[in-house]
Amino acid sequence: MEINDRLASFIAYKCDGRTAEFAELMGWSRQYLNKLLKGEGGIGLNPVASLLSKFPELNARWLILGEGQMVEGGGITIARLRSMFALEKYMPVMSADELRAFCDNGRVDWDAATLAKWDALLEDRRQRLGQRFAVTYKRQKDLLDAKFRK
């Protein structure tokens with residue numbers, strides 16, 4: 001694997017492969033990033049230094065030589081953040097153990113059965129809240145109607 005391939009792997013890791021997003025993050029034009037990814041003329045010291053400065057978790061030996069792991073210290077990725085934001089809506093219906101696994105341990109790899117259970121619980125919760133709102137709204141409306149009928 002060449003350095004441009006490793007750069008593409010890092011972009012996949014950091015931005016789910018969205019090169020436009022990565023170029024903007026780096027302050028580079030899309031054309032410049034595409035040139036680097038194609039390996040046209042090789043990747044010089046300036047872009048490598050910019051990458052290492054911007055992403056301290058990026059392993060320089062891996063980027064330059066292909067040795068070791070891509071990242072050091074397990075930095076949080078944008079993909080992981082997206083997963084966490086997508087799961088955040090389930091927090092009101094998670095059990096205490098599930099909440100601990102999600103909030104304290106950062107677990108995002110829930111199985112389809114658990115997600116289906118949470119969806120059903122959320123729908124039930126939404127319906128119960130809707131019913132409570134309807135009752136409260138009707139009570140308020142009746143009170144107002146009675147007040148203005150006097």
# chains A, B, ... in the order shown; residues from 1 in each chain; ligands from 1
call {"tool": "residues_around", "arguments": {"residues": "A:Ala8", "least_positions_apart": "2", "cutoff": "12 Å", "atoms": "only C-alpha atoms", "output": "NGL selection string"}}
result
:A and (1-6 or 10-19 or 22-23 or 33-39 or 63 or 70)
call {"tool": "select_by_dssp", "arguments": {"residues": "stretch 19-73 of chain A", "states": "helix (DSSP H, G or I)", "output": "PyMOL selection string"}}
result
chain A and resi 19-26+30-38+45-54+60-65
call {"tool": "write_last_selection", "arguments": {"atoms": "N, CA, C and O atoms", "output": "short mmCIF file (atom, residue, chain, number, x, y, z; two decimals), in the first residue's frame"}}
result
data_model
loop_
_atom_site.label_atom_id
_atom_site.label_comp_id
_atom_site.auth_asym_id
_atom_site.auth_seq_id
_atom_site.Cartn_x
_atom_site.Cartn_y
_atom_site.Cartn_z
N THR A 19 -14.28 12.89 0.69
CA THR A 19 -13.08 13.67 0.41
C THR A 19 -13.33 15.17 0.48
O THR A 19 -12.47 15.91 0.92
N ALA A 20 -14.51 15.61 0.06
CA ALA A 20 -14.81 17.05 0.11
C ALA A 20 -14.79 17.53 1.56
O ALA A 20 -14.24 18.60 1.87
N GLU A 21 -15.36 16.74 2.46
CA GLU A 21 -15.37 17.09 3.88
C GLU A 21 -13.95 17.13 4.44
O GLU A 21 -13.58 18.02 5.19
N PHE A 22 -13.14 16.15 4.05
CA PHE A 22 -11.77 16.08 4.53
C PHE A 22 -10.94 17.25 3.99
O PHE A 22 -10.16 17.86 4.72
N ALA A 23 -11.12 17.57 2.71
CA ALA A 23 -10.40 18.69 2.11
C ALA A 23 -10.73 19.99 2.85
O ALA A 23 -9.84 20.78 3.16
N GLU A 24 -12.00 20.18 3.15
CA GLU A 24 -12.42 21.38 3.88
C GLU A 24 -11.81 21.39 5.28
O GLU A 24 -11.34 22.43 5.76
N LEU A 25 -11.80 20.24 5.93
CA LEU A 25 -11.22 20.12 7.26
C LEU A 25 -9.74 20.51 7.26
O LEU A 25 -9.25 21.15 8.18
N MET A 26 -9.06 20.14 6.20
CA MET A 26 -7.62 20.44 6.09
C MET A 26 -7.35 21.84 5.54
O MET A 26 -6.22 22.32 5.60
N ARG A 30 -10.41 20.64 -3.14
CA ARG A 30 -10.73 19.25 -3.51
C ARG A 30 -9.77 18.75 -4.58
O ARG A 30 -9.38 17.59 -4.56
N GLN A 31 -9.41 19.64 -5.48
CA GLN A 31 -8.51 19.26 -6.56
C GLN A 31 -7.14 18.85 -6.00
O GLN A 31 -6.54 17.87 -6.45
N TYR A 32 -6.66 19.61 -5.03
CA TYR A 32 -5.37 19.30 -4.41
C TYR A 32 -5.42 17.94 -3.71
O TYR A 32 -4.54 17.11 -3.88
N LEU A 33 -6.49 17.70 -2.96
CA LEU A 33 -6.62 16.42 -2.28
C LEU A 33 -6.73 15.29 -3.29
O LEU A 33 -6.09 14.23 -3.11
N ASN A 34 -7.50 15.48 -4.34
CA ASN A 34 -7.62 14.44 -5.37
C ASN A 34 -6.27 14.14 -6.01
O ASN A 34 -5.96 12.98 -6.30
N LYS A 35 -5.46 15.16 -6.21
CA LYS A 35 -4.11 14.97 -6.76
C LYS A 35 -3.27 14.12 -5.81
O LYS A 35 -2.57 13.20 -6.23
N LEU A 36 -3.36 14.42 -4.52
CA LEU A 36 -2.63 13.63 -3.53
C LEU A 36 -3.11 12.19 -3.51
O LEU A 36 -2.31 11.25 -3.43
N LEU A 37 -4.42 11.99 -3.59
CA LEU A 37 -4.98 10.65 -3.55
C LEU A 37 -4.62 9.83 -4.78
O LEU A 37 -4.49 8.60 -4.70
N LYS A 38 -4.45 10.51 -5.91
CA LYS A 38 -4.06 9.81 -7.13
C LYS A 38 -2.57 9.49 -7.14
O LYS A 38 -2.10 8.72 -7.96
N LEU A 45 6.52 16.64 1.86
CA LEU A 45 6.63 16.87 3.30
C LEU A 45 5.56 17.82 3.82
O LEU A 45 5.03 17.61 4.92
N ASN A 46 5.19 18.84 3.07
CA ASN A 46 4.21 19.82 3.55
C ASN A 46 2.84 19.19 3.85
O ASN A 46 2.30 19.42 4.93
N PRO A 47 2.26 18.41 2.94
CA PRO A 47 0.97 17.82 3.28
C PRO A 47 1.07 16.81 4.43
O PRO A 47 0.17 16.74 5.27
N VAL A 48 2.18 16.07 4.51
CA VAL A 48 2.37 15.13 5.61
C VAL A 48 2.45 15.89 6.93
O VAL A 48 1.80 15.52 7.92
N ALA A 49 3.22 16.97 6.95
CA ALA A 49 3.35 17.78 8.17
C ALA A 49 1.99 18.38 8.55
O ALA A 49 1.64 18.41 9.74
N SER A 50 1.22 18.83 7.56
CA SER A 50 -0.11 19.38 7.84
C SER A 50 -1.03 18.33 8.44
O SER A 50 -1.76 18.59 9.40
N LEU A 51 -0.99 17.13 7.88
CA LEU A 51 -1.82 16.04 8.40
C LEU A 51 -1.45 15.69 9.83
O LEU A 51 -2.32 15.54 10.69
N LEU A 52 -0.16 15.57 10.09
CA LEU A 52 0.29 15.19 11.43
C LEU A 52 0.02 16.30 12.45
O LEU A 52 -0.25 16.02 13.61
N SER A 53 0.07 17.53 11.99
CA SER A 53 -0.23 18.65 12.88
C SER A 53 -1.72 18.71 13.20
O SER A 53 -2.12 18.94 14.33
N LYS A 54 -2.56 18.49 12.19
CA LYS A 54 -4.01 18.56 12.35
C LYS A 54 -4.56 17.38 13.13
O LYS A 54 -5.52 17.51 13.88
N ALA A 60 2.55 8.70 12.44
CA ALA A 60 3.43 9.14 11.35
C ALA A 60 4.13 7.97 10.68
O ALA A 60 4.26 7.94 9.45
N ARG A 61 4.57 6.98 11.45
CA ARG A 61 5.23 5.80 10.85
C ARG A 61 4.27 5.05 9.94
O ARG A 61 4.65 4.56 8.88
N TRP A 62 3.02 4.97 10.36
CA TRP A 62 2.04 4.30 9.52
C TRP A 62 1.82 5.08 8.24
O TRP A 62 1.79 4.52 7.15
N LEU A 63 1.63 6.39 8.36
CA LEU A 63 1.35 7.22 7.19
C LEU A 63 2.51 7.17 6.19
O LEU A 63 2.31 6.96 5.00
N ILE A 64 3.71 7.34 6.69
CA ILE A 64 4.88 7.44 5.79
C ILE A 64 5.39 6.08 5.34
O ILE A 64 5.67 5.87 4.16
N LEU A 65 5.49 5.14 6.28
CA LEU A 65 6.13 3.85 5.98
C LEU A 65 5.17 2.66 5.93
O LEU A 65 5.56 1.57 5.51
#
call {"tool": "atom_distance", "arguments": {"atom1": "atom CA of A:Val93", "atom2": "atom CA of A:Asp111"}}
result
15.6 Å
call {"tool": "closest_residue", "arguments": {"among": "A:Val108, A:Gly41, A:Gly66, A:Asp97", "to": "A:Met84", "atoms": "only C-alpha atoms"}}
result
A:Val108
call {"tool": "atom_distance", "arguments": {"atom1": "atom CA of A:Lys89", "atom2": "atom CA of A:Gln131"}}
result
20.5 Å
call {"tool": "residues_around", "arguments": {"residues": "A:Ala116", "least_positions_apart": "6", "cutoff": "12 Å", "atoms": "only C-alpha atoms", "output": "PyMOL selection string"}}
result
chain A and resi 90+93+110+122-123
call {"tool": "write_last_selection", "arguments": {"atoms": "N, CA and C atoms", "output": "short mmCIF file (atom, residue, chain, number, x, y, z; two decimals), in the first residue's frame"}}
result
data_model
loop_
_atom_site.label_atom_id
_atom_site.label_comp_id
_atom_site.auth_asym_id
_atom_site.auth_seq_id
_atom_site.Cartn_x
_atom_site.Cartn_y
_atom_site.Cartn_z
N TYR A 90 -32.58 7.04 21.63
CA TYR A 90 -33.06 5.89 22.39
C TYR A 90 -32.81 6.00 23.89
N VAL A 93 -35.50 5.35 26.60
CA VAL A 93 -36.08 4.01 26.76
C VAL A 93 -35.03 2.94 27.05
N TRP A 110 -25.04 -1.99 18.80
CA TRP A 110 -26.22 -2.68 19.28
C TRP A 110 -26.81 -3.54 18.18
N LEU A 122 -40.06 3.48 22.05
CA LEU A 122 -40.20 4.91 21.71
C LEU A 122 -41.59 5.20 21.15
N GLU A 123 -42.08 4.30 20.29
CA GLU A 123 -43.41 4.50 19.71
C GLU A 123 -44.47 4.45 20.80
#
call {"tool": "closest_residue", "arguments": {"among": "A:Gly44, A:Gly27, A:Gly68, A:Gly106", "to": "A:Arg80", "atoms": "only C-alpha atoms"}}
result
A:Gly106
call {"tool": "closest_residue", "arguments": {"among": "A:Trp118, A:Tyr137, A:Phe55, A:Phe148", "to": "A:Met91", "atoms": "only C-alpha atoms"}}
result
A:Trp118
call {"tool": "atom_distance", "arguments": {"atom1": "atom CA of A:Glu72", "atom2": "atom CA of A:Leu58"}}
result
6.3 Å
call {"tool": "closest_residue", "arguments": {"among": "A:Val71, A:Val135, A:Met94, A:Leu7", "to": "A:Pro56", "atoms": "only C-alpha atoms"}}
result
A:Val71
call {"tool": "decode", "arguments": {"residues": "stretch 91-107 of chain A", "atoms": "all heavy atoms", "output": "compact mmCIF listing (two decimals), in the first residue's frame"}}
result
# COMPACT_ATOMS: atom_id res chain seq x y z
N MET A 91 -32.07 7.00 24.31
CA MET A 91 -31.71 7.11 25.72
C MET A 91 -32.91 7.09 26.67
O MET A 91 -32.84 6.45 27.72
CB MET A 91 -30.84 8.34 25.96
CG MET A 91 -29.44 8.18 25.38
SD MET A 91 -28.42 9.65 25.54
CE MET A 91 -28.12 9.65 27.30
N PRO A 92 -34.04 7.73 26.33
CA PRO A 92 -35.18 7.70 27.27
C PRO A 92 -35.75 6.30 27.51
O PRO A 92 -36.43 6.08 28.51
CB PRO A 92 -36.23 8.59 26.60
CG PRO A 92 -35.47 9.45 25.66
CD PRO A 92 -34.29 8.63 25.21
N VAL A 93 -35.50 5.35 26.60
CA VAL A 93 -36.08 4.01 26.76
C VAL A 93 -35.03 2.94 27.05
O VAL A 93 -35.37 1.77 27.17
CB VAL A 93 -36.92 3.62 25.52
CG1 VAL A 93 -38.12 4.55 25.38
CG2 VAL A 93 -36.09 3.60 24.26
N MET A 94 -33.77 3.33 27.18
CA MET A 94 -32.72 2.36 27.51
C MET A 94 -32.82 1.98 28.98
O MET A 94 -33.21 2.78 29.83
CB MET A 94 -31.33 2.96 27.27
CG MET A 94 -30.93 3.11 25.84
SD MET A 94 -29.26 3.84 25.76
CE MET A 94 -28.98 3.84 24.02
N SER A 95 -32.44 0.73 29.26
CA SER A 95 -32.36 0.29 30.66
C SER A 95 -31.14 0.95 31.30
O SER A 95 -30.28 1.51 30.60
CB SER A 95 -32.23 -1.23 30.73
OG SER A 95 -30.96 -1.63 30.27
N ALA A 96 -31.03 0.85 32.60
CA ALA A 96 -29.87 1.43 33.30
C ALA A 96 -28.57 0.82 32.80
O ALA A 96 -27.58 1.53 32.59
CB ALA A 96 -30.02 1.23 34.81
N ASP A 97 -28.56 -0.50 32.60
CA ASP A 97 -27.34 -1.16 32.10
C ASP A 97 -27.00 -0.71 30.68
O ASP A 97 -25.84 -0.50 30.34
CB ASP A 97 -27.49 -2.68 32.14
CG ASP A 97 -27.46 -3.23 33.55
OD1 ASP A 97 -26.92 -2.54 34.45
OD2 ASP A 97 -27.98 -4.35 33.76
N GLU A 98 -28.04 -0.57 29.84
CA GLU A 98 -27.82 -0.12 28.47
C GLU A 98 -27.29 1.32 28.45
O GLU A 98 -26.38 1.64 27.68
CB GLU A 98 -29.10 -0.23 27.66
CG GLU A 98 -29.52 -1.67 27.41
CD GLU A 98 -30.95 -1.80 26.91
OE1 GLU A 98 -31.77 -0.88 27.13
OE2 GLU A 98 -31.26 -2.84 26.31
N LEU A 99 -27.86 2.16 29.31
CA LEU A 99 -27.38 3.54 29.40
C LEU A 99 -25.92 3.60 29.82
O LEU A 99 -25.13 4.38 29.28
CB LEU A 99 -28.23 4.34 30.39
CG LEU A 99 -29.44 5.04 29.83
CD1 LEU A 99 -30.29 5.61 30.95
CD2 LEU A 99 -29.07 6.11 28.85
N ARG A 100 -25.56 2.77 30.81
CA ARG A 100 -24.15 2.72 31.25
C ARG A 100 -23.24 2.30 30.11
O ARG A 100 -22.18 2.89 29.89
CB ARG A 100 -23.99 1.77 32.44
CG ARG A 100 -23.92 2.47 33.78
CD ARG A 100 -23.52 1.53 34.90
NE ARG A 100 -24.44 0.42 35.09
CZ ARG A 100 -25.64 0.50 35.67
NH1 ARG A 100 -26.07 1.66 36.11
NH2 ARG A 100 -26.40 -0.56 35.81
N ALA A 101 -23.65 1.28 29.37
CA ALA A 101 -22.83 0.79 28.25
C ALA A 101 -22.68 1.86 27.18
O ALA A 101 -21.62 2.02 26.59
CB ALA A 101 -23.45 -0.48 27.66
N PHE A 102 -23.76 2.60 26.94
CA PHE A 102 -23.73 3.63 25.90
C PHE A 102 -22.98 4.88 26.37
O PHE A 102 -22.08 5.36 25.69
CB PHE A 102 -25.16 3.99 25.48
CG PHE A 102 -25.24 5.10 24.47
CD1 PHE A 102 -24.71 4.95 23.21
CD2 PHE A 102 -25.86 6.30 24.78
CE1 PHE A 102 -24.79 5.97 22.27
CE2 PHE A 102 -25.95 7.31 23.85
CZ PHE A 102 -25.41 7.15 22.60
N CYS A 103 -23.36 5.40 27.53
CA CYS A 103 -22.80 6.68 28.00
C CYS A 103 -21.40 6.53 28.59
O CYS A 103 -20.51 7.33 28.29
CB CYS A 103 -23.72 7.31 29.04
SG CYS A 103 -25.32 7.78 28.38
N ASP A 104 -21.20 5.53 29.42
CA ASP A 104 -19.90 5.39 30.08
C ASP A 104 -18.86 4.69 29.23
O ASP A 104 -17.69 5.04 29.24
CB ASP A 104 -20.06 4.62 31.41
CG ASP A 104 -20.93 5.36 32.41
OD1 ASP A 104 -21.16 6.57 32.21
OD2 ASP A 104 -21.39 4.73 33.37
N ASN A 105 -19.31 3.69 28.47
CA ASN A 105 -18.37 2.89 27.68
C ASN A 105 -18.38 3.22 26.20
O ASN A 105 -17.59 2.69 25.43
CB ASN A 105 -18.64 1.39 27.88
CG ASN A 105 -18.55 0.99 29.33
OD1 ASN A 105 -17.79 1.58 30.10
ND2 ASN A 105 -19.32 0.01 29.73
N GLY A 106 -19.32 4.07 25.77
CA GLY A 106 -19.36 4.48 24.37
C GLY A 106 -19.79 3.39 23.41
O GLY A 106 -19.44 3.41 22.23
N ARG A 107 -20.57 2.43 23.90
CA ARG A 107 -20.99 1.33 23.04
C ARG A 107 -21.93 1.84 21.95
O ARG A 107 -22.90 2.53 22.23
CB ARG A 107 -21.68 0.24 23.85
CG ARG A 107 -22.12 -0.92 22.99
CD ARG A 107 -22.67 -2.06 23.78
NE ARG A 107 -23.15 -3.07 22.84
CZ ARG A 107 -23.93 -4.05 23.18
NH1 ARG A 107 -24.29 -4.21 24.43
NH2 ARG A 107 -24.34 -4.91 22.27
